[in-house]
file start21.pdb (PDB, C-alpha atoms, pLDDT in the B column)
ATOM      1  CA  MET A   1     -49.204  -7.332  68.034  1.00 54.00           C
ATOM      2  CA  SER A   2     -46.122  -6.799  70.089  1.00 59.00           C
ATOM      3  CA  ILE A   3     -44.479  -3.457  70.803  1.00 68.00           C
ATOM      4  CA  THR A   4     -40.725  -3.384  70.838  1.00 72.00           C
ATOM      5  CA  PHE A   5     -38.833  -0.560  72.461  1.00 77.00           C
ATOM      6  CA  ASN A   6     -35.457   0.229  71.079  1.00 89.00           C
ATOM      7  CA  ARG A   7     -32.830   2.428  72.681  1.00 90.00           C
ATOM      8  CA  LYS A   8     -34.059   5.592  70.919  1.00 90.00           C
ATOM      9  CA  THR A   9     -37.608   5.142  72.278  1.00 90.00           C
ATOM     10  CA  TRP A  10     -36.384   4.600  75.847  1.00 91.00           C
ATOM     11  CA  ILE A  11     -34.296   7.782  75.669  1.00 93.00           C
ATOM     12  CA  ARG A  12     -37.301   9.780  74.418  1.00 93.00           C
ATOM     13  CA  LEU A  13     -39.550   8.416  77.190  1.00 93.00           C
ATOM     14  CA  ALA A  14     -36.917   9.193  79.812  1.00 95.00           C
ATOM     15  CA  ALA A  15     -36.579  12.755  78.479  1.00 96.00           C
ATOM     16  CA  ILE A  16     -40.356  13.294  78.628  1.00 96.00           C
ATOM     17  CA  VAL A  17     -40.559  11.975  82.198  1.00 96.00           C
ATOM     18  CA  LEU A  18     -37.601  14.155  83.235  1.00 96.00           C
ATOM     19  CA  ILE A  19     -39.162  17.290  81.725  1.00 97.00           C
ATOM     20  CA  LEU A  20     -42.498  16.597  83.439  1.00 96.00           C
ATOM     21  CA  ALA A  21     -40.820  16.021  86.814  1.00 95.00           C
ATOM     22  CA  PHE A  22     -38.802  19.225  86.440  1.00 94.00           C
ATOM     23  CA  SER A  23     -41.981  21.159  85.534  1.00 93.00           C
ATOM     24  CA  VAL A  24     -43.756  19.960  88.678  1.00 89.00           C
ATOM     25  CA  PHE A  25     -40.708  20.869  90.776  1.00 89.00           C
ATOM     26  CA  LEU A  26     -40.614  24.401  89.306  1.00 87.00           C
ATOM     27  CA  PHE A  27     -44.329  24.835  89.922  1.00 85.00           C
ATOM     28  CA  PHE A  28     -43.912  24.089  93.621  1.00 80.00           C
ATOM     29  CA  ILE A  29     -40.911  26.354  94.222  1.00 80.00           C
ATOM     30  CA  GLY A  30     -42.001  29.167  91.903  1.00 83.00           C
ATOM     31  CA  ARG A  31     -45.606  29.643  93.049  1.00 85.00           C
ATOM     32  CA  GLN A  32     -46.081  33.263  94.125  1.00 90.00           C
ATOM     33  CA  HIS A  33     -48.212  34.243  97.124  1.00 92.00           C
ATOM     34  CA  THR A  34     -49.247  37.553  98.674  1.00 94.00           C
ATOM     35  CA  VAL A  35     -48.741  37.759 102.438  1.00 95.00           C
ATOM     36  CA  LEU A  36     -50.746  40.529 104.107  1.00 96.00           C
ATOM     37  CA  VAL A  37     -49.613  41.711 107.541  1.00 96.00           C
ATOM     38  CA  ASP A  38     -52.412  43.230 109.602  1.00 95.00           C
ATOM     39  CA  ASN A  39     -52.075  45.263 112.802  1.00 95.00           C
ATOM     40  CA  LYS A  40     -55.709  45.776 113.808  1.00 94.00           C
ATOM     41  CA  THR A  41     -57.587  45.010 117.012  1.00 93.00           C
ATOM     42  CA  ILE A  42     -59.104  41.531 116.695  1.00 92.00           C
ATOM     43  CA  THR A  43     -61.038  38.991 118.735  1.00 90.00           C
ATOM     44  CA  VAL A  44     -59.358  35.616 119.291  1.00 85.00           C
ATOM     45  CA  ASN A  45     -61.362  32.906 121.086  1.00 83.00           C
ATOM     46  CA  GLY A  46     -63.674  35.522 122.617  1.00 87.00           C
ATOM     47  CA  THR A  47     -60.809  37.706 123.875  1.00 88.00           C
ATOM     48  CA  GLU A  48     -60.155  41.103 122.335  1.00 93.00           C
ATOM     49  CA  VAL A  49     -56.493  41.640 121.429  1.00 91.00           C
ATOM     50  CA  LYS A  50     -55.449  45.267 120.934  1.00 93.00           C
ATOM     51  CA  ALA A  51     -53.349  46.416 118.007  1.00 93.00           C
ATOM     52  CA  LEU A  52     -49.746  47.361 118.708  1.00 93.00           C
ATOM     53  CA  GLN A  53     -48.813  51.040 118.599  1.00 92.00           C
ATOM     54  CA  LEU A  54     -45.781  50.443 116.384  1.00 94.00           C
ATOM     55  CA  VAL A  55     -44.407  47.165 115.097  1.00 96.00           C
ATOM     56  CA  GLU A  56     -41.739  46.159 112.591  1.00 96.00           C
ATOM     57  CA  VAL A  57     -42.504  43.106 110.443  1.00 96.00           C
ATOM     58  CA  GLN A  58     -40.194  41.227 108.098  1.00 96.00           C
ATOM     59  CA  VAL A  59     -41.056  38.202 105.970  1.00 96.00           C
ATOM     60  CA  ASN A  60     -38.093  36.088 104.843  1.00 93.00           C
ATOM     61  CA  LYS A  61     -35.202  38.417 103.971  1.00 93.00           C
ATOM     62  CA  LEU A  62     -37.388  41.103 102.358  1.00 93.00           C
ATOM     63  CA  ASP A  63     -37.260  44.717 103.544  1.00 95.00           C
ATOM     64  CA  ALA A  64     -38.924  45.215 106.926  1.00 95.00           C
ATOM     65  CA  LEU A  65     -42.119  47.244 107.183  1.00 95.00           C
ATOM     66  CA  GLU A  66     -43.196  49.449 110.079  1.00 96.00           C
ATOM     67  CA  LEU A  67     -46.882  49.294 110.903  1.00 95.00           C
ATOM     68  CA  ALA A  68     -48.801  51.578 113.217  1.00 95.00           C
ATOM     69  CA  ALA A  69     -52.129  50.608 114.795  1.00 93.00           C
ATOM     70  CA  ARG A  70     -54.826  49.791 112.172  1.00 93.00           C
ATOM     71  CA  ASP A  71     -52.264  49.432 109.346  1.00 94.00           C
ATOM     72  CA  ARG A  72     -52.079  46.672 106.751  1.00 94.00           C
ATOM     73  CA  ASP A  73     -49.360  46.046 104.169  1.00 95.00           C
ATOM     74  CA  LYS A  74     -48.204  43.200 101.968  1.00 95.00           C
ATOM     75  CA  PHE A  75     -45.230  41.106 100.921  1.00 96.00           C
ATOM     76  CA  GLU A  76     -44.923  39.194  97.641  1.00 95.00           C
ATOM     77  CA  VAL A  77     -43.202  35.836  98.259  1.00 94.00           C
ATOM     78  CA  THR A  78     -42.473  32.679  96.280  1.00 92.00           C
ATOM     79  CA  GLY A  79     -42.528  29.153  97.596  1.00 88.00           C
ATOM     80  CA  GLN A  80     -44.511  27.625 100.424  1.00 88.00           C
ATOM     81  CA  THR A  81     -42.353  27.836 103.564  1.00 91.00           C
ATOM     82  CA  HIS A  82     -41.566  31.270 104.988  1.00 94.00           C
ATOM     83  CA  GLU A  83     -40.406  33.005 108.145  1.00 96.00           C
ATOM     84  CA  VAL A  84     -41.944  36.057 109.793  1.00 96.00           C
ATOM     85  CA  LYS A  85     -40.024  38.255 112.231  1.00 96.00           C
ATOM     86  CA  VAL A  86     -41.931  40.710 114.435  1.00 96.00           C
ATOM     87  CA  VAL A  87     -40.111  43.363 116.492  1.00 96.00           C
ATOM     88  CA  TYR A  88     -42.087  45.492 118.931  1.00 95.00           C
ATOM     89  CA  THR A  89     -41.655  47.454 122.164  1.00 93.00           C
ATOM     90  CA  ASP A  90     -43.967  46.761 125.117  1.00 88.00           C
ATOM     91  CA  SER A  91     -45.319  49.249 127.677  1.00 86.00           C
ATOM     92  CA  ASN A  92     -42.130  48.883 129.778  1.00 89.00           C
ATOM     93  CA  TRP A  93     -39.976  49.932 126.789  1.00 90.00           C
ATOM     94  CA  GLU A  94     -38.535  46.454 126.417  1.00 93.00           C
ATOM     95  CA  GLU A  95     -37.950  45.288 122.866  1.00 95.00           C
ATOM     96  CA  HIS A  96     -39.267  41.841 121.918  1.00 95.00           C
ATOM     97  CA  VAL A  97     -38.476  39.799 118.832  1.00 96.00           C
ATOM     98  CA  ILE A  98     -40.730  36.956 117.693  1.00 95.00           C
ATOM     99  CA  THR A  99     -39.659  34.727 114.824  1.00 95.00           C
ATOM    100  CA  ARG A 100     -41.968  32.034 113.472  1.00 95.00           C
ATOM    101  CA  LYS A 101     -41.953  29.783 110.437  1.00 95.00           C
ATOM    102  CA  PHE A 102     -45.171  29.200 108.540  1.00 94.00           C
ATOM    103  CA  LYS A 103     -46.330  27.270 105.514  1.00 93.00           C
ATOM    104  CA  ILE A 104     -48.780  28.550 102.915  1.00 92.00           C
ATOM    105  CA  PRO A 105     -51.044  25.953 101.275  1.00 86.00           C
ATOM    106  CA  LEU A 106     -50.136  25.554  97.614  1.00 83.00           C
ATOM    107  CA  MET A 107     -53.295  26.833  95.952  1.00 84.00           C
ATOM    108  CA  GLN A 108     -53.930  29.832  98.233  1.00 89.00           C
ATOM    109  CA  ASP A 109     -53.088  33.134  96.586  1.00 90.00           C
ATOM    110  CA  MET A 110     -53.334  35.411  99.626  1.00 94.00           C
ATOM    111  CA  VAL A 111     -52.897  34.862 103.347  1.00 95.00           C
ATOM    112  CA  MET A 112     -53.029  37.336 106.218  1.00 95.00           C
ATOM    113  CA  ILE A 113     -50.840  37.371 109.311  1.00 95.00           C
ATOM    114  CA  LEU A 114     -52.703  38.824 112.293  1.00 95.00           C
ATOM    115  CA  ILE A 115     -49.877  40.546 114.171  1.00 95.00           C
ATOM    116  CA  PRO A 116     -51.761  41.111 117.492  1.00 94.00           C
ATOM    117  CA  ALA A 117     -52.738  37.410 117.645  1.00 93.00           C
ATOM    118  CA  LEU A 118     -49.135  36.366 116.959  1.00 93.00           C
ATOM    119  CA  VAL A 119     -47.777  38.676 119.659  1.00 92.00           C
ATOM    120  CA  ALA A 120     -50.456  37.675 122.196  1.00 90.00           C
ATOM    121  CA  ASP A 121     -49.546  33.986 121.942  1.00 87.00           C
ATOM    122  CA  ALA A 122     -46.275  33.444 120.107  1.00 81.00           C
ATOM    123  CA  GLN A 123     -46.384  29.669 120.675  1.00 86.00           C
ATOM    124  CA  ALA A 124     -49.890  29.243 119.266  1.00 85.00           C
ATOM    125  CA  ASP A 125     -50.571  27.152 116.211  1.00 87.00           C
ATOM    126  CA  GLN A 126     -50.317  29.076 112.943  1.00 88.00           C
ATOM    127  CA  SER A 127     -54.070  28.657 112.383  1.00 88.00           C
ATOM    128  CA  VAL A 128     -54.615  31.263 115.155  1.00 90.00           C
ATOM    129  CA  TRP A 129     -52.558  34.035 113.550  1.00 93.00           C
ATOM    130  CA  LEU A 130     -52.463  33.025 109.860  1.00 92.00           C
ATOM    131  CA  GLU A 131     -55.658  32.926 107.824  1.00 92.00           C
ATOM    132  CA  ASN A 132     -56.686  32.652 104.207  1.00 92.00           C
ATOM    133  CA  TYR A 133     -57.663  36.007 102.695  1.00 92.00           C
ATOM    134  CA  GLU A 134     -60.269  36.357  99.969  1.00 87.00           C
ATOM    135  CA  PRO A 135     -60.500  39.809  98.376  1.00 81.00           C
ATOM    136  CA  PRO A 136     -63.984  41.332  98.624  1.00 78.00           C
ATOM    137  CA  THR A 137     -66.045  40.497  95.550  1.00 73.00           C
ATOM    138  CA  TYR A 138     -68.068  43.701  95.589  1.00 67.00           C
ATOM    139  CA  ALA A 139     -64.982  45.773  94.780  1.00 54.00           C
ATOM    140  CA  MET A 140     -64.311  43.761  91.642  1.00 55.00           C
ATOM    141  CA  THR A 141     -67.765  43.879  90.059  1.00 56.00           C
ATOM    142  CA  ALA A 142     -68.504  47.508  89.326  1.00 60.00           C
ATOM    143  CA  ALA A 143     -71.748  48.251  87.528  1.00 62.00           C
ATOM    144  CA  PRO A 144     -71.257  49.793  84.087  1.00 68.00           C
ATOM    145  CA  ALA A 145     -72.075  53.495  84.021  1.00 71.00           C
ATOM    146  CA  GLU A 146     -74.768  54.567  81.567  1.00 76.00           C
ATOM    147  CA  GLU A 147     -73.718  57.383  79.306  1.00 72.00           C
ATOM    148  CA  THR A 148     -75.821  59.553  77.062  1.00 70.00           C
ATOM    149  CA  VAL A 149     -74.638  59.232  73.501  1.00 66.00           C
ATOM    150  CA  ILE A 150     -75.172  62.227  71.229  1.00 64.00           C
ATOM    151  CA  THR A 151     -75.100  61.259  67.586  1.00 69.00           C
ATOM    152  CA  ASP A 152     -75.691  64.708  66.098  1.00 67.00           C
ATOM    153  CA  ASP A 153     -73.569  67.721  67.066  1.00 67.00           C
ATOM    154  CA  LEU A 154     -76.464  70.129  66.484  1.00 65.00           C
ATOM    155  CA  ALA A 155     -79.083  68.052  68.301  1.00 60.00           C
ATOM    156  CA  GLY A 156     -78.934  70.230  71.413  1.00 61.00           C
ATOM    157  CA  LEU A 157     -79.457  73.454  69.428  1.00 66.00           C
ATOM    158  CA  ILE A 158     -82.604  72.446  67.576  1.00 64.00           C
ATOM    159  CA  THR A 159     -85.829  73.238  69.392  1.00 62.00           C
ATOM    160  CA  GLU A 160     -89.330  72.449  68.289  1.00 60.00           C
ATOM    161  CA  LEU A 161     -91.403  75.298  66.949  1.00 53.00           C
TER     162      LEU A 161
END
call {"tool": "encode", "arguments": {"input": "start21.pdb", "output": "structure tokens"}}
result
Amino acid sequence: MSITFNRKTWIRLAAIVLILAFSVFLFFIGRQHTVLVDNKTITVNGTEVKALQLVEVQVNKLDALELAARDRDKFEVTGQTHEVKVVYTDSNWEEHVITRKFKIPLMQDMVMILIPALVADAQADQSVWLENYEPPTYAMTAAPAEETVITDDLAGLITEL
């Protein structure tokens, strides 16, 4: 049995392949991620890095956020490649600006940028200051509360004789 492809069949196959390729392309550029920015004291390679007193953080061209010590906030971004800009003032009142590009793995929903680690070593690999974030599971599994169900409105008024 031989299969013959006519012009109509080739056009249909080409259309299916084109739609599938376009779908994959849209998946890659439209994937949404949550980027947490964290300004807390952390330990990096055995060295404690203090949180900054006040820092301004901007991811891509989104509105900048100001974070005080021990603050955490988030950005919602689409795509995989992004840019973070950190502006802070040191103890000598000199303003510093650090701009770094980073890439989020495709199937990670949330990542966290550790601002003190980024400021401490701006040239470090992104694995030092960018980490995968998994929300705590205990907050999502609340035990159901037991309630007393009264089936008769007068049940509380009746007493045994």
call {"tool": "closest_residue", "arguments": {"input": "start21.pdb", "among": "A:Glu147, A:Phe25, A:Val44, A:His82", "to": "Ala124 of chain A", "atoms": "only C-alpha atoms"}}
result
A:Val44
call {"tool": "closest_residue", "arguments": {"input": "start21.pdb", "among": "A:Thr137, A:Asn6, A:Lys61, A:Gln80", "to": "Gln108 of chain A", "atoms": "only C-alpha atoms"}}
result
A:Gln80
call {"tool": "residues_around", "arguments": {"input": "start21.pdb", "residues": "Gly79 of chain A", "least_positions_apart": "6", "cutoff": "8 Å", "atoms": "only C-alpha atoms", "output": "PyMOL selection string"}}
result
chain A and resi 28-33
call {"tool": "residues_around", "arguments": {"input": "start21.pdb", "residues": "segment 89-100 of chain A", "least_positions_apart": "5", "cutoff": "8 Å", "atoms": "all atoms listed in the file", "output": "NGL selection string"}}
result
:A and (54-55 or 83-84 or 119 or 122)
call {"tool": "atom_distance", "arguments": {"input": "start21.pdb", "atom1": "atom CA of Trp10 of chain A", "atom2": "atom CA of Val24 of chain A"}}
result
21.3 Å
call {"tool": "residues_around", "arguments": {"input": "start21.pdb", "residues": "Ser127 of chain A", "least_positions_apart": "6", "cutoff": "12 Å", "atoms": "only C-alpha atoms", "output": "PDB file with C-alpha atoms, in the frame of the given file"}}
result
ATOM      1  CA  VAL A  44     -59.358  35.616 119.291  1.00 85.00           C
ATOM      2  CA  PHE A 102     -45.171  29.200 108.540  1.00 94.00           C
ATOM      3  CA  LYS A 103     -46.330  27.270 105.514  1.00 93.00           C
ATOM      4  CA  ILE A 104     -48.780  28.550 102.915  1.00 92.00           C
ATOM      5  CA  PRO A 105     -51.044  25.953 101.275  1.00 86.00           C
ATOM      6  CA  VAL A 111     -52.897  34.862 103.347  1.00 95.00           C
ATOM      7  CA  MET A 112     -53.029  37.336 106.218  1.00 95.00           C
ATOM      8  CA  ILE A 113     -50.840  37.371 109.311  1.00 95.00           C
ATOM      9  CA  LEU A 114     -52.703  38.824 112.293  1.00 95.00           C
ATOM     10  CA  ALA A 117     -52.738  37.410 117.645  1.00 93.00           C
ATOM     11  CA  LEU A 118     -49.135  36.366 116.959  1.00 93.00           C
ATOM     12  CA  ASP A 121     -49.546  33.986 121.942  1.00 87.00           C
TER      13      ASP A 121
END
call {"tool": "atom_distance", "arguments": {"input": "start21.pdb", "atom1": "atom CA of Lys50 of chain A", "atom2": "atom CA of Pro116 of chain A"}}
result
6.5 Å
call {"tool": "atom_distance", "arguments": {"input": "start21.pdb", "atom1": "atom CA of Gln53 of chain A", "atom2": "atom CA of Asp71 of chain A"}}
result
10.0 Å
call {"tool": "residues_around", "arguments": {"input": "start21.pdb", "residues": "Ile115 of chain A", "least_positions_apart": "3", "cutoff": "8 Å", "atoms": "only C-alpha atoms", "output": "ChimeraX atom specification"}}
result
/A:37-40,51,86,118-119,129
call {"tool": "closest_residue", "arguments": {"input": "start21.pdb", "among": "A:Thr78, A:Met110, A:Val59, A:Ile16", "to": "Glu131 of chain A", "atoms": "all atoms listed in the file"}}
result
A:Met110
call {"tool": "resolve_selection", "arguments": {"input": "start21.pdb", "expression": "the PyMOL selection byres ((chain A and resi 56) around 9)", "output": "PDB file with C-alpha atoms, keeping the file's coordinate frame"}}
result
ATOM      1  CA  LEU A  54     -45.781  50.443 116.384  1.00 94.00           C
ATOM      2  CA  VAL A  55     -44.407  47.165 115.097  1.00 96.00           C
ATOM      3  CA  VAL A  57     -42.504  43.106 110.443  1.00 96.00           C
ATOM      4  CA  GLN A  58     -40.194  41.227 108.098  1.00 96.00           C
ATOM      5  CA  ALA A  64     -38.924  45.215 106.926  1.00 95.00           C
ATOM      6  CA  LEU A  65     -42.119  47.244 107.183  1.00 95.00           C
ATOM      7  CA  GLU A  66     -43.196  49.449 110.079  1.00 96.00           C
ATOM      8  CA  LEU A  67     -46.882  49.294 110.903  1.00 95.00           C
ATOM      9  CA  ALA A  68     -48.801  51.578 113.217  1.00 95.00           C
ATOM     10  CA  LYS A  85     -40.024  38.255 112.231  1.00 96.00           C
ATOM     11  CA  VAL A  86     -41.931  40.710 114.435  1.00 96.00           C
ATOM     12  CA  VAL A  87     -40.111  43.363 116.492  1.00 96.00           C
ATOM     13  CA  TYR A  88     -42.087  45.492 118.931  1.00 95.00           C
TER      14      TYR A  88
END
call {"tool": "axis_aligned_box", "arguments": {"input": "start21.pdb", "around": "segment 3-11 of chain A", "padding_each_side": "4 Å", "output": "AutoDock Vina command-line options"}}
result
--center_x -38.7 --center_y 2.2 --center_z 73.3 --size_x 19.6 --size_y 19.2 --size_z 13.0
